Structures are given as structure tokens and as C-alpha cells.
Amino acid sequence: MTITAPSIDQHIAALRPKLIAFARLQLRDSAAAEDTVQDTLIIALEKHDSFAGRSAFETWVFGILKNKILERIRYERRYLSWQDSDQNDEDSFENLFQENGRWQPASKPQSWGEPDEILENASFWKLLDTCLLVLPDNIARVFTMRELMGLTTQEICEALSLSDSNCWVMLHRARLKLRSCIEKGWLT
Amino acid sequence: MIMCREATRLMSLKQDRALSFRENTMLRFHLSMCGACRACARQFDLLHKIGEHHPSTPKESTENGGHYEPR
């Protein structure tokens, strides 16, 4: 059985919107996302001859994109401003719990239903993207590096010059804020 | 004994590194008594799966459609 392979141009054109969506969630800036995807596609076009079909083409291009995103994050960390913490952020985090460390009655987590069904539901993904975009920049960045790019906390700390414990604090905060935002949208 | 805030810290940490025996025991004990934290733990697990399932990340497709065949 012979399947005619689509041309490299067609493959890339089809992939571009997904790459942009991914980069935008990670970089939180449309222009930066476009630039990074542009650089990625140039490399993909130049090097696709050396790509020997070891893995799915899409996975290969995403690998290039992830490296480009990481390069950009390192650059921004070095030359642009990075706010380590923010007072409002601190406040809303503490508001989830009472002074004795128990949940505030209004913030108590509820069941969202069957995980497998949630992951199949398109409105969950829309809600997740919205909630990621309203998270404060710094904690959103650490969270997406961990959970969308699949980096280890060590790799994240190295790229952002954070201590391990600082990284864990930010991930904890991101997860709490994200779950609270999703729950508000999901159960109403 | 730990309270909910500390329990959520351990649940989050568990997604990023292995917990120590002591941390794990404290967390499990708290979860056995607290339904809200059990719901929270399931949500953190779900958030840990988004990378594999997000619509904008590559699918590890075994169908030929996902592959580009170099000439």
C-alpha cells in the first residue's frame, strides 16, 4: 500500500496554528509567539532532510519550538524585567485559607466529575486557556514550563535563575489559582 | 498533624518530586479525613495531565497521517 506523503510545505502550513497557540500560552505575547514560531519553521524547512522519520514530524517540530521558547525565556530573564513576587498575588493566595490553615468555606474544592470525560470536553480546554491567561505572568510561566513544556523543576530553575524552593512555591500557587479559576467556570 | 494549606503544598510538590516517607504519611493521613483536599488532589493530578492532552500539543500518532516521509 502506497500513501503519497504530503509535501513539507503542506505539513508546515497545517502545523502553524497549533505552534502559535502553544507558543502564545507559554510566552503570553502574540508578537513573541509569532517570532518564535517563525524561527522554528525556518529551522524545520532547512533541516527536514536530516529528519529521518524517527519520530512523528509534528513531535520533531514541537521539539524545535520548545528549544526556541526556552532560548527566548532565558534571554528575557537576562535582559528584561522579571518580577519575583507581587503583593496582590500574595494576598489572594492567603485568602483561600483561614488563619488556622483550613479552606475558607467559599474556596473549598468541589468534585469536577470524571477526569477522562473532562479531558475529552472542548469547553474544559477553552476554560483552561482562559484561566492560564489571567494568571499572573510569572507563576503562569513557571506552570506552563512545567506542565505544557514538560520541563523538570531543575531545568526551570536553571533557565529562570530561581532556587528550587522558589520554583515549588510558584508552582503551588499556580496550581491553587488555576484550579480555583477553572472551578468557578466549570461548575456554573 | 497538617492542615489543608500544608496538604495542598505537599500535593503540589508530589507532582514535581518524590515525597519523603514522612511527607507522604502526613499527606495521606490528611486526605483520609478531608474530602475538600481529596477533590483538590484529583484536580492537581488532572492539571498534571494537560501536557499530554492539550489540543495544541503534538499527538503521538501511529497513523501515517502524522508522519512526514522524507524523499
# chains A, B, ... in the order shown; residues from 1 in each chain; ligands from 1

$ residues_around --residues "Leu13 in chain B" --least-positions-apart "5" --cutoff "8 Å" --atoms "only C-alpha atoms" --output "list in words"
Trp168 and His172 of chain A; Ala18 and Leu19 of chain B

$ write_last_selection --atoms "all heavy atoms" --output "tab-separated table (two decimals), in the first residue's frame"
chain	number	residue	atom	x	y	z
A	168	TRP	N	9.07	25.75	43.59
A	168	TRP	CA	7.97	24.95	44.14
A	168	TRP	C	6.87	25.83	44.70
A	168	TRP	O	5.69	25.52	44.58
A	168	TRP	CB	8.51	23.98	45.19
A	168	TRP	CG	9.22	22.80	44.58
A	168	TRP	CD1	8.83	22.13	43.44
A	168	TRP	CD2	10.41	22.17	45.03
A	168	TRP	NE1	9.73	21.12	43.18
A	168	TRP	CE2	10.70	21.11	44.13
A	168	TRP	CE3	11.27	22.37	46.13
A	168	TRP	CZ2	11.81	20.27	44.28
A	168	TRP	CZ3	12.37	21.53	46.28
A	168	TRP	CH2	12.63	20.50	45.36
A	172	HIS	N	3.05	25.74	43.34
A	172	HIS	CA	1.95	25.53	44.29
A	172	HIS	C	0.89	26.63	44.11
A	172	HIS	O	-0.30	26.37	43.99
A	172	HIS	CB	2.53	25.56	45.71
A	172	HIS	CG	1.52	25.37	46.80
A	172	HIS	ND1	1.70	25.86	48.07
A	172	HIS	CD2	0.31	24.76	46.82
A	172	HIS	CE1	0.65	25.55	48.82
A	172	HIS	NE2	-0.21	24.89	48.09
B	18	ALA	N	9.54	13.28	44.20
B	18	ALA	CA	9.01	12.26	45.11
B	18	ALA	C	8.95	12.82	46.53
B	18	ALA	O	9.86	13.53	46.95
B	18	ALA	CB	9.91	11.03	45.07
B	19	LEU	N	7.87	12.54	47.25
B	19	LEU	CA	7.77	12.99	48.64
B	19	LEU	C	8.58	12.06	49.53
B	19	LEU	O	8.75	10.88	49.21
B	19	LEU	CB	6.30	12.98	49.10
B	19	LEU	CG	5.33	13.93	48.40
B	19	LEU	CD1	3.95	13.84	49.05
B	19	LEU	CD2	5.84	15.37	48.44

$ residues_around --residues "range 19-33 of chain A" --least-positions-apart "5" --cutoff "7 Å" --atoms "only C-alpha atoms" --output "list in words"
Arg141 and Thr144 of chain A; Ser56 and Thr57 of chain B

$ write_last_selection --atoms "all heavy atoms" --output "JSON list (two decimals), in the first residue's frame"
[["chain", "number", "residue", "atom", "x", "y", "z"],
["A", 141, "ARG", "N", 4.09, 31.42, 33.84],
["A", 141, "ARG", "CA", 5.24, 30.99, 33.05],
["A", 141, "ARG", "C", 5.87, 29.73, 33.65],
["A", 141, "ARG", "O", 6.17, 28.78, 32.94],
["A", 141, "ARG", "CB", 6.27, 32.12, 32.99],
["A", 141, "ARG", "CG", 7.57, 31.69, 32.39],
["A", 141, "ARG", "CD", 8.30, 32.84, 31.79],
["A", 141, "ARG", "NE", 7.60, 33.36, 30.63],
["A", 141, "ARG", "CZ", 8.08, 34.32, 29.85],
["A", 141, "ARG", "NH1", 9.23, 34.86, 30.11],
["A", 141, "ARG", "NH2", 7.39, 34.73, 28.81],
["A", 144, "THR", "N", 3.45, 26.72, 33.01],
["A", 144, "THR", "CA", 3.41, 26.19, 31.65],
["A", 144, "THR", "C", 4.75, 25.55, 31.25],
["A", 144, "THR", "O", 4.77, 24.59, 30.50],
["A", 144, "THR", "CB", 2.99, 27.25, 30.62],
["A", 144, "THR", "OG1", 3.78, 28.42, 30.80],
["A", 144, "THR", "CG2", 1.52, 27.60, 30.75],
["B", 56, "SER", "N", -3.25, 21.79, 21.65],
["B", 56, "SER", "CA", -2.19, 22.39, 20.85],
["B", 56, "SER", "C", -0.84, 21.69, 21.01],
["B", 56, "SER", "O", 0.18, 22.21, 20.60],
["B", 56, "SER", "CB", -2.04, 23.88, 21.17],
["B", 56, "SER", "OG", -1.36, 24.03, 22.38],
["B", 57, "THR", "N", -0.81, 20.52, 21.64],
["B", 57, "THR", "CA", 0.47, 19.79, 21.70],
["B", 57, "THR", "C", 0.41, 18.60, 20.76],
["B", 57, "THR", "O", -0.68, 18.13, 20.42],
["B", 57, "THR", "CB", 0.79, 19.32, 23.14],
["B", 57, "THR", "OG1", -0.31, 18.59, 23.64],
["B", 57, "THR", "CG2", 1.07, 20.50, 24.05]]

$ residues_around --residues "range 25-40 of chain B" --least-positions-apart "2" --cutoff "6 Å" --atoms "only C-alpha atoms" --output "ChimeraX atom specification"
/A:108-111 /B:7,22-23,42-43

$ write_last_selection --atoms "N, CA and C atoms" --output "CSV table (one decimal), in the first residue's frame"
chain,number,residue,atom,x,y,z
A,108,LYS,N,-13.6,26.0,49.3
A,108,LYS,CA,-13.5,24.5,49.3
A,108,LYS,C,-13.6,23.9,48.0
A,109,PRO,N,-12.6,23.1,47.5
A,109,PRO,CA,-12.7,22.4,46.2
A,109,PRO,C,-13.9,21.4,46.2
A,110,GLN,N,-14.6,21.4,45.0
A,110,GLN,CA,-15.7,20.5,44.7
A,110,GLN,C,-15.2,19.5,43.7
A,111,SER,N,-16.0,18.4,43.6
A,111,SER,CA,-15.7,17.5,42.5
A,111,SER,C,-16.0,18.0,41.1
B,7,ALA,N,-1.3,20.7,53.3
B,7,ALA,CA,-1.7,19.5,52.5
B,7,ALA,C,-1.6,19.8,51.0
B,22,ARG,N,7.9,10.7,55.4
B,22,ARG,CA,7.2,11.5,56.4
B,22,ARG,C,6.2,12.4,55.7
B,23,GLU,N,6.6,13.0,54.6
B,23,GLU,CA,5.7,13.9,53.9
B,23,GLU,C,4.5,13.1,53.4
B,42,ARG,N,-7.2,15.4,43.3
B,42,ARG,CA,-7.6,14.9,41.9
B,42,ARG,C,-7.5,16.0,40.9
B,43,GLN,N,-7.8,17.3,41.3
B,43,GLN,CA,-7.6,18.4,40.3
B,43,GLN,C,-6.2,18.6,40.0

$ interface_residues --of "chain A" --to "chain B" --cutoff "7 Å" --atoms "only C-alpha atoms" --output "PDB file with all heavy atoms, in the first residue's frame"
ATOM      1  N   ALA A   5       3.007  10.930   0.444  1.00  0.00           N
ATOM      2  CA  ALA A   5       3.263  11.834   1.563  1.00  0.00           C
ATOM      3  C   ALA A   5       2.986  13.273   1.141  1.00  0.00           C
ATOM      4  O   ALA A   5       3.404  13.687   0.059  1.00  0.00           O
ATOM      5  CB  ALA A   5       4.711  11.688   2.013  1.00  0.00           C
ATOM      6  N   LYS A  18      -1.236  25.489  15.447  1.00  0.00           N
ATOM      7  CA  LYS A  18      -1.014  24.791  16.713  1.00  0.00           C
ATOM      8  C   LYS A  18       0.254  25.290  17.393  1.00  0.00           C
ATOM      9  O   LYS A  18       0.301  25.458  18.612  1.00  0.00           O
ATOM     10  CB  LYS A  18      -0.848  23.278  16.476  1.00  0.00           C
ATOM     11  CG  LYS A  18      -2.158  22.542  16.316  1.00  0.00           C
ATOM     12  CD  LYS A  18      -1.928  21.081  15.986  1.00  0.00           C
ATOM     13  CE  LYS A  18      -1.927  20.231  17.242  1.00  0.00           C
ATOM     14  NZ  LYS A  18      -1.866  18.791  16.911  1.00  0.00           N
ATOM     15  N   ALA A  21      -0.477  28.695  18.889  1.00  0.00           N
ATOM     16  CA  ALA A  21      -1.302  28.592  20.103  1.00  0.00           C
ATOM     17  C   ALA A  21      -0.443  28.155  21.285  1.00  0.00           C
ATOM     18  O   ALA A  21      -0.554  28.682  22.392  1.00  0.00           O
ATOM     19  CB  ALA A  21      -2.450  27.608  19.881  1.00  0.00           C
ATOM     20  N   PHE A  22       0.434  27.193  21.046  1.00  0.00           N
ATOM     21  CA  PHE A  22       1.303  26.674  22.106  1.00  0.00           C
ATOM     22  C   PHE A  22       2.273  27.769  22.581  1.00  0.00           C
ATOM     23  O   PHE A  22       2.420  28.009  23.778  1.00  0.00           O
ATOM     24  CB  PHE A  22       2.080  25.464  21.582  1.00  0.00           C
ATOM     25  CG  PHE A  22       2.941  24.789  22.612  1.00  0.00           C
ATOM     26  CD1 PHE A  22       2.419  23.814  23.441  1.00  0.00           C
ATOM     27  CD2 PHE A  22       4.286  25.128  22.756  1.00  0.00           C
ATOM     28  CE1 PHE A  22       3.208  23.182  24.396  1.00  0.00           C
ATOM     29  CE2 PHE A  22       5.079  24.509  23.714  1.00  0.00           C
ATOM     30  CZ  PHE A  22       4.539  23.532  24.526  1.00  0.00           C
ATOM     31  N   ASP A  49      15.462  17.521   5.717  1.00  0.00           N
ATOM     32  CA  ASP A  49      16.112  16.418   5.011  1.00  0.00           C
ATOM     33  C   ASP A  49      16.849  15.491   5.972  1.00  0.00           C
ATOM     34  O   ASP A  49      16.919  14.294   5.745  1.00  0.00           O
ATOM     35  CB  ASP A  49      17.127  16.962   3.990  1.00  0.00           C
ATOM     36  CG  ASP A  49      16.423  17.454   2.735  1.00  0.00           C
ATOM     37  OD1 ASP A  49      15.264  17.026   2.527  1.00  0.00           O
ATOM     38  OD2 ASP A  49      17.011  18.262   1.995  1.00  0.00           O
ATOM     39  N   ALA A  52      14.953  11.894   9.834  1.00  0.00           N
ATOM     40  CA  ALA A  52      14.876  10.574   9.195  1.00  0.00           C
ATOM     41  C   ALA A  52      13.603   9.817   9.546  1.00  0.00           C
ATOM     42  O   ALA A  52      13.563   8.600   9.457  1.00  0.00           O
ATOM     43  CB  ALA A  52      16.106   9.773   9.580  1.00  0.00           C
ATOM     44  N   GLY A  53      12.559  10.540   9.953  1.00  0.00           N
ATOM     45  CA  GLY A  53      11.316   9.851  10.270  1.00  0.00           C
ATOM     46  C   GLY A  53      11.396   9.045  11.552  1.00  0.00           C
ATOM     47  O   GLY A  53      10.635   8.122  11.765  1.00  0.00           O
ATOM     48  N   ALA A  56       7.320  11.128  14.942  1.00  0.00           N
ATOM     49  CA  ALA A  56       6.342  11.844  14.140  1.00  0.00           C
ATOM     50  C   ALA A  56       6.890  13.240  13.827  1.00  0.00           C
ATOM     51  O   ALA A  56       7.527  13.867  14.668  1.00  0.00           O
ATOM     52  CB  ALA A  56       5.030  11.936  14.896  1.00  0.00           C
ATOM     53  N   PHE A  57       6.633  13.691  12.638  1.00  0.00           N
ATOM     54  CA  PHE A  57       7.113  15.000  12.191  1.00  0.00           C
ATOM     55  C   PHE A  57       6.708  16.099  13.163  1.00  0.00           C
ATOM     56  O   PHE A  57       7.498  16.964  13.538  1.00  0.00           O
ATOM     57  CB  PHE A  57       6.534  15.280  10.798  1.00  0.00           C
ATOM     58  CG  PHE A  57       6.977  16.583  10.217  1.00  0.00           C
ATOM     59  CD1 PHE A  57       8.288  16.760   9.798  1.00  0.00           C
ATOM     60  CD2 PHE A  57       6.082  17.641  10.076  1.00  0.00           C
ATOM     61  CE1 PHE A  57       8.702  17.969   9.247  1.00  0.00           C
ATOM     62  CE2 PHE A  57       6.488  18.848   9.535  1.00  0.00           C
ATOM     63  CZ  PHE A  57       7.798  19.013   9.121  1.00  0.00           C
ATOM     64  N   GLU A  58       5.445  16.032  13.595  1.00  0.00           N
ATOM     65  CA  GLU A  58       4.902  17.046  14.490  1.00  0.00           C
ATOM     66  C   GLU A  58       5.707  17.128  15.789  1.00  0.00           C
ATOM     67  O   GLU A  58       6.006  18.209  16.289  1.00  0.00           O
ATOM     68  CB  GLU A  58       3.451  16.678  14.782  1.00  0.00           C
ATOM     69  CG  GLU A  58       2.642  17.815  15.317  1.00  0.00           C
ATOM     70  CD  GLU A  58       1.171  17.435  15.452  1.00  0.00           C
ATOM     71  OE1 GLU A  58       0.647  16.690  14.591  1.00  0.00           O
ATOM     72  OE2 GLU A  58       0.565  17.875  16.438  1.00  0.00           O
ATOM     73  N   THR A  59       6.036  15.967  16.332  1.00  0.00           N
ATOM     74  CA  THR A  59       6.798  15.917  17.578  1.00  0.00           C
ATOM     75  C   THR A  59       8.181  16.538  17.375  1.00  0.00           C
ATOM     76  O   THR A  59       8.684  17.251  18.238  1.00  0.00           O
ATOM     77  CB  THR A  59       6.950  14.457  18.043  1.00  0.00           C
ATOM     78  OG1 THR A  59       5.651  13.875  18.073  1.00  0.00           O
ATOM     79  CG2 THR A  59       7.563  14.366  19.416  1.00  0.00           C
ATOM     80  N   PHE A  97      -7.393  30.333  52.329  1.00  0.00           N
ATOM     81  CA  PHE A  97      -7.390  29.572  53.572  1.00  0.00           C
ATOM     82  C   PHE A  97      -7.702  30.468  54.768  1.00  0.00           C
ATOM     83  O   PHE A  97      -7.443  31.665  54.743  1.00  0.00           O
ATOM     84  CB  PHE A  97      -6.017  28.912  53.779  1.00  0.00           C
ATOM     85  CG  PHE A  97      -5.647  27.955  52.683  1.00  0.00           C
ATOM     86  CD1 PHE A  97      -4.812  28.347  51.643  1.00  0.00           C
ATOM     87  CD2 PHE A  97      -6.156  26.657  52.673  1.00  0.00           C
ATOM     88  CE1 PHE A  97      -4.484  27.469  50.621  1.00  0.00           C
ATOM     89  CE2 PHE A  97      -5.839  25.769  51.644  1.00  0.00           C
ATOM     90  CZ  PHE A  97      -4.999  26.174  50.615  1.00  0.00           C
ATOM     91  N   GLY A 101      -5.336  27.510  58.697  1.00  0.00           N
ATOM     92  CA  GLY A 101      -4.849  26.644  57.626  1.00  0.00           C
ATOM     93  C   GLY A 101      -5.917  25.799  56.951  1.00  0.00           C
ATOM     94  O   GLY A 101      -5.625  25.067  56.020  1.00  0.00           O
ATOM     95  N   ARG A 102      -7.166  25.891  57.414  1.00  0.00           N
ATOM     96  CA  ARG A 102      -8.256  25.175  56.726  1.00  0.00           C
ATOM     97  C   ARG A 102      -8.768  26.009  55.567  1.00  0.00           C
ATOM     98  O   ARG A 102      -8.638  27.225  55.559  1.00  0.00           O
ATOM     99  CB  ARG A 102      -9.421  24.926  57.687  1.00  0.00           C
ATOM    100  CG  ARG A 102      -9.124  23.925  58.763  1.00  0.00           C
ATOM    101  CD  ARG A 102     -10.366  23.789  59.640  1.00  0.00           C
ATOM    102  NE  ARG A 102     -10.025  23.313  60.975  1.00  0.00           N
ATOM    103  CZ  ARG A 102      -9.985  22.033  61.302  1.00  0.00           C
ATOM    104  NH1 ARG A 102     -10.285  21.107  60.421  1.00  0.00           N
ATOM    105  NH2 ARG A 102      -9.647  21.667  62.523  1.00  0.00           N
ATOM    106  N   TRP A 103      -9.434  25.344  54.610  1.00  0.00           N
ATOM    107  CA  TRP A 103     -10.048  26.061  53.489  1.00  0.00           C
ATOM    108  C   TRP A 103     -11.062  27.075  53.995  1.00  0.00           C
ATOM    109  O   TRP A 103     -11.798  26.795  54.948  1.00  0.00           O
ATOM    110  CB  TRP A 103     -10.805  25.091  52.570  1.00  0.00           C
ATOM    111  CG  TRP A 103      -9.955  24.137  51.807  1.00  0.00           C
ATOM    112  CD1 TRP A 103      -9.755  22.812  52.106  1.00  0.00           C
ATOM    113  CD2 TRP A 103      -9.209  24.394  50.613  1.00  0.00           C
ATOM    114  NE1 TRP A 103      -8.921  22.246  51.174  1.00  0.00           N
ATOM    115  CE2 TRP A 103      -8.570  23.187  50.250  1.00  0.00           C
ATOM    116  CE3 TRP A 103      -9.009  25.527  49.823  1.00  0.00           C
ATOM    117  CZ2 TRP A 103      -7.754  23.083  49.124  1.00  0.00           C
ATOM    118  CZ3 TRP A 103      -8.194  25.422  48.701  1.00  0.00           C
ATOM    119  CH2 TRP A 103      -7.579  24.218  48.365  1.00  0.00           C
ATOM    120  N   LYS A 108     -13.613  25.990  49.252  1.00  0.00           N
ATOM    121  CA  LYS A 108     -13.456  24.535  49.324  1.00  0.00           C
ATOM    122  C   LYS A 108     -13.623  23.871  47.963  1.00  0.00           C
ATOM    123  O   LYS A 108     -14.645  24.050  47.301  1.00  0.00           O
ATOM    124  CB  LYS A 108     -14.525  23.950  50.256  1.00  0.00           C
ATOM    125  CG  LYS A 108     -14.084  23.806  51.674  1.00  0.00           C
ATOM    126  CD  LYS A 108     -15.080  22.965  52.450  1.00  0.00           C
ATOM    127  CE  LYS A 108     -14.647  22.887  53.901  1.00  0.00           C
ATOM    128  NZ  LYS A 108     -15.639  22.169  54.708  1.00  0.00           N
ATOM    129  N   PRO A 109     -12.634  23.084  47.532  1.00  0.00           N
ATOM    130  CA  PRO A 109     -12.747  22.419  46.232  1.00  0.00           C
ATOM    131  C   PRO A 109     -13.931  21.435  46.172  1.00  0.00           C
ATOM    132  O   PRO A 109     -14.232  20.759  47.144  1.00  0.00           O
ATOM    133  CB  PRO A 109     -11.422  21.642  46.124  1.00  0.00           C
ATOM    134  CG  PRO A 109     -10.492  22.339  47.036  1.00  0.00           C
ATOM    135  CD  PRO A 109     -11.338  22.852  48.164  1.00  0.00           C
ATOM    136  N   GLN A 110     -14.574  21.430  45.008  1.00  0.00           N
ATOM    137  CA  GLN A 110     -15.694  20.515  44.742  1.00  0.00           C
ATOM    138  C   GLN A 110     -15.244  19.501  43.692  1.00  0.00           C
ATOM    139  O   GLN A 110     -14.282  19.739  42.989  1.00  0.00           O
ATOM    140  CB  GLN A 110     -16.878  21.299  44.148  1.00  0.00           C
ATOM    141  CG  GLN A 110     -17.202  22.605  44.833  1.00  0.00           C
ATOM    142  CD  GLN A 110     -18.010  22.394  46.095  1.00  0.00           C
ATOM    143  OE1 GLN A 110     -18.904  21.553  46.113  1.00  0.00           O
ATOM    144  NE2 GLN A 110     -17.677  23.128  47.144  1.00  0.00           N
ATOM    145  N   SER A 111     -16.015  18.437  43.558  1.00  0.00           N
ATOM    146  CA  SER A 111     -15.672  17.467  42.514  1.00  0.00           C
ATOM    147  C   SER A 111     -16.008  18.028  41.130  1.00  0.00           C
ATOM    148  O   SER A 111     -17.030  18.680  40.953  1.00  0.00           O
ATOM    149  CB  SER A 111     -16.445  16.174  42.744  1.00  0.00           C
ATOM    150  OG  SER A 111     -16.288  15.352  41.620  1.00  0.00           O
ATOM    151  N   PRO A 115     -12.316  12.450  35.397  1.00  0.00           N
ATOM    152  CA  PRO A 115     -11.174  13.048  34.701  1.00  0.00           C
ATOM    153  C   PRO A 115     -11.141  12.741  33.193  1.00  0.00           C
ATOM    154  O   PRO A 115     -10.874  13.635  32.391  1.00  0.00           O
ATOM    155  CB  PRO A 115      -9.966  12.416  35.394  1.00  0.00           C
ATOM    156  CG  PRO A 115     -10.458  12.008  36.732  1.00  0.00           C
ATOM    157  CD  PRO A 115     -11.909  11.687  36.581  1.00  0.00           C
ATOM    158  N   GLU A 147       4.224  22.110  33.026  1.00  0.00           N
ATOM    159  CA  GLU A 147       3.151  21.199  32.601  1.00  0.00           C
ATOM    160  C   GLU A 147       2.887  21.170  31.095  1.00  0.00           C
ATOM    161  O   GLU A 147       2.399  20.170  30.592  1.00  0.00           O
ATOM    162  CB  GLU A 147       1.847  21.512  33.345  1.00  0.00           C
ATOM    163  CG  GLU A 147       1.957  21.454  34.872  1.00  0.00           C
ATOM    164  CD  GLU A 147       2.174  20.047  35.436  1.00  0.00           C
ATOM    165  OE1 GLU A 147       2.724  19.184  34.735  1.00  0.00           O
ATOM    166  OE2 GLU A 147       1.788  19.830  36.609  1.00  0.00           O
ATOM    167  N   LEU A 148       3.168  22.249  30.374  1.00  0.00           N
ATOM    168  CA  LEU A 148       2.978  22.185  28.916  1.00  0.00           C
ATOM    169  C   LEU A 148       4.268  21.801  28.205  1.00  0.00           C
ATOM    170  O   LEU A 148       4.273  21.000  27.284  1.00  0.00           O
ATOM    171  CB  LEU A 148       2.463  23.514  28.357  1.00  0.00           C
ATOM    172  CG  LEU A 148       0.990  23.840  28.541  1.00  0.00           C
ATOM    173  CD1 LEU A 148       0.654  25.150  27.847  1.00  0.00           C
ATOM    174  CD2 LEU A 148       0.093  22.733  27.997  1.00  0.00           C
ATOM    175  N   GLY A 150       6.788  20.389  29.777  1.00  0.00           N
ATOM    176  CA  GLY A 150       7.272  19.149  30.385  1.00  0.00           C
ATOM    177  C   GLY A 150       8.702  19.225  30.911  1.00  0.00           C
ATOM    178  O   GLY A 150       9.400  18.224  30.990  1.00  0.00           O
ATOM    179  N   THR A 153      11.680  20.695  37.346  1.00  0.00           N
ATOM    180  CA  THR A 153      11.845  21.922  38.128  1.00  0.00           C
ATOM    181  C   THR A 153      13.306  22.388  38.066  1.00  0.00           C
ATOM    182  O   THR A 153      13.572  23.577  38.052  1.00  0.00           O
ATOM    183  CB  THR A 153      11.410  21.767  39.600  1.00  0.00           C
ATOM    184  OG1 THR A 153      11.827  20.505  40.073  1.00  0.00           O
ATOM    185  CG2 THR A 153       9.925  21.884  39.751  1.00  0.00           C
ATOM    186  N   TRP A 168       9.067  25.745  43.585  1.00  0.00           N
ATOM    187  CA  TRP A 168       7.969  24.949  44.138  1.00  0.00           C
ATOM    188  C   TRP A 168       6.865  25.834  44.703  1.00  0.00           C
ATOM    189  O   TRP A 168       5.690  25.519  44.580  1.00  0.00           O
ATOM    190  CB  TRP A 168       8.509  23.976  45.194  1.00  0.00           C
ATOM    191  CG  TRP A 168       9.222  22.802  44.583  1.00  0.00           C
ATOM    192  CD1 TRP A 168       8.834  22.127  43.443  1.00  0.00           C
ATOM    193  CD2 TRP A 168      10.414  22.168  45.031  1.00  0.00           C
ATOM    194  NE1 TRP A 168       9.727  21.117  43.176  1.00  0.00           N
ATOM    195  CE2 TRP A 168      10.703  21.109  44.128  1.00  0.00           C
ATOM    196  CE3 TRP A 168      11.269  22.370  46.126  1.00  0.00           C
ATOM    197  CZ2 TRP A 168      11.808  20.272  44.277  1.00  0.00           C
ATOM    198  CZ3 TRP A 168      12.366  21.533  46.275  1.00  0.00           C
ATOM    199  CH2 TRP A 168      12.632  20.501  45.361  1.00  0.00           C
ATOM    200  N   HIS A 172       3.045  25.740  43.343  1.00  0.00           N
ATOM    201  CA  HIS A 172       1.951  25.533  44.293  1.00  0.00           C
ATOM    202  C   HIS A 172       0.895  26.627  44.114  1.00  0.00           C
ATOM    203  O   HIS A 172      -0.301  26.368  43.994  1.00  0.00           O
ATOM    204  CB  HIS A 172       2.533  25.560  45.710  1.00  0.00           C
ATOM    205  CG  HIS A 172       1.517  25.370  46.803  1.00  0.00           C
ATOM    206  ND1 HIS A 172       1.702  25.856  48.066  1.00  0.00           N
ATOM    207  CD2 HIS A 172       0.309  24.760  46.816  1.00  0.00           C
ATOM    208  CE1 HIS A 172       0.655  25.553  48.817  1.00  0.00           C
ATOM    209  NE2 HIS A 172      -0.206  24.889  48.089  1.00  0.00           N
ATOM    210  N   ARG A 175      -1.008  26.285  40.767  1.00  0.00           N
ATOM    211  CA  ARG A 175      -1.997  25.204  40.745  1.00  0.00           C
ATOM    212  C   ARG A 175      -3.232  25.590  41.544  1.00  0.00           C
ATOM    213  O   ARG A 175      -4.361  25.324  41.124  1.00  0.00           O
ATOM    214  CB  ARG A 175      -1.381  23.912  41.300  1.00  0.00           C
ATOM    215  CG  ARG A 175      -0.346  23.326  40.357  1.00  0.00           C
ATOM    216  CD  ARG A 175       0.233  22.013  40.858  1.00  0.00           C
ATOM    217  NE  ARG A 175       1.139  21.451  39.864  1.00  0.00           N
ATOM    218  CZ  ARG A 175       2.451  21.254  40.049  1.00  0.00           C
ATOM    219  NH1 ARG A 175       3.011  21.546  41.215  1.00  0.00           N
ATOM    220  NH2 ARG A 175       3.193  20.749  39.088  1.00  0.00           N
ATOM    221  N   ARG A 179      -6.814  26.001  39.671  1.00  0.00           N
ATOM    222  CA  ARG A 179      -7.938  25.126  39.997  1.00  0.00           C
ATOM    223  C   ARG A 179      -9.140  25.957  40.460  1.00  0.00           C
ATOM    224  O   ARG A 179     -10.274  25.638  40.157  1.00  0.00           O
ATOM    225  CB  ARG A 179      -7.572  24.046  41.018  1.00  0.00           C
ATOM    226  CG  ARG A 179      -7.260  24.509  42.424  1.00  0.00           C
ATOM    227  CD  ARG A 179      -7.759  23.546  43.484  1.00  0.00           C
ATOM    228  NE  ARG A 179      -9.213  23.482  43.474  1.00  0.00           N
ATOM    229  CZ  ARG A 179     -10.024  24.390  44.016  1.00  0.00           C
ATOM    230  NH1 ARG A 179      -9.530  25.457  44.624  1.00  0.00           N
ATOM    231  NH2 ARG A 179     -11.320  24.254  43.947  1.00  0.00           N
TER     232      ARG A 179
END

$ residues_around --residues "Asp164 in chain A" --least-positions-apart "3" --cutoff "12 Å" --atoms "only C-alpha atoms" --output "VMD selection string"
(chain A and resid 142 152 to 161 167 to 171) or (chain B and resid 13 16 to 17)

$ select_by_dssp --residues "range 11-182 of chain A" --states "helix (DSSP H, G or I)" --output "ChimeraX atom specification"
/A:11-27,30-47,57-79,87-94,105-107,115-120,122-134,137-147,153-160,164-182
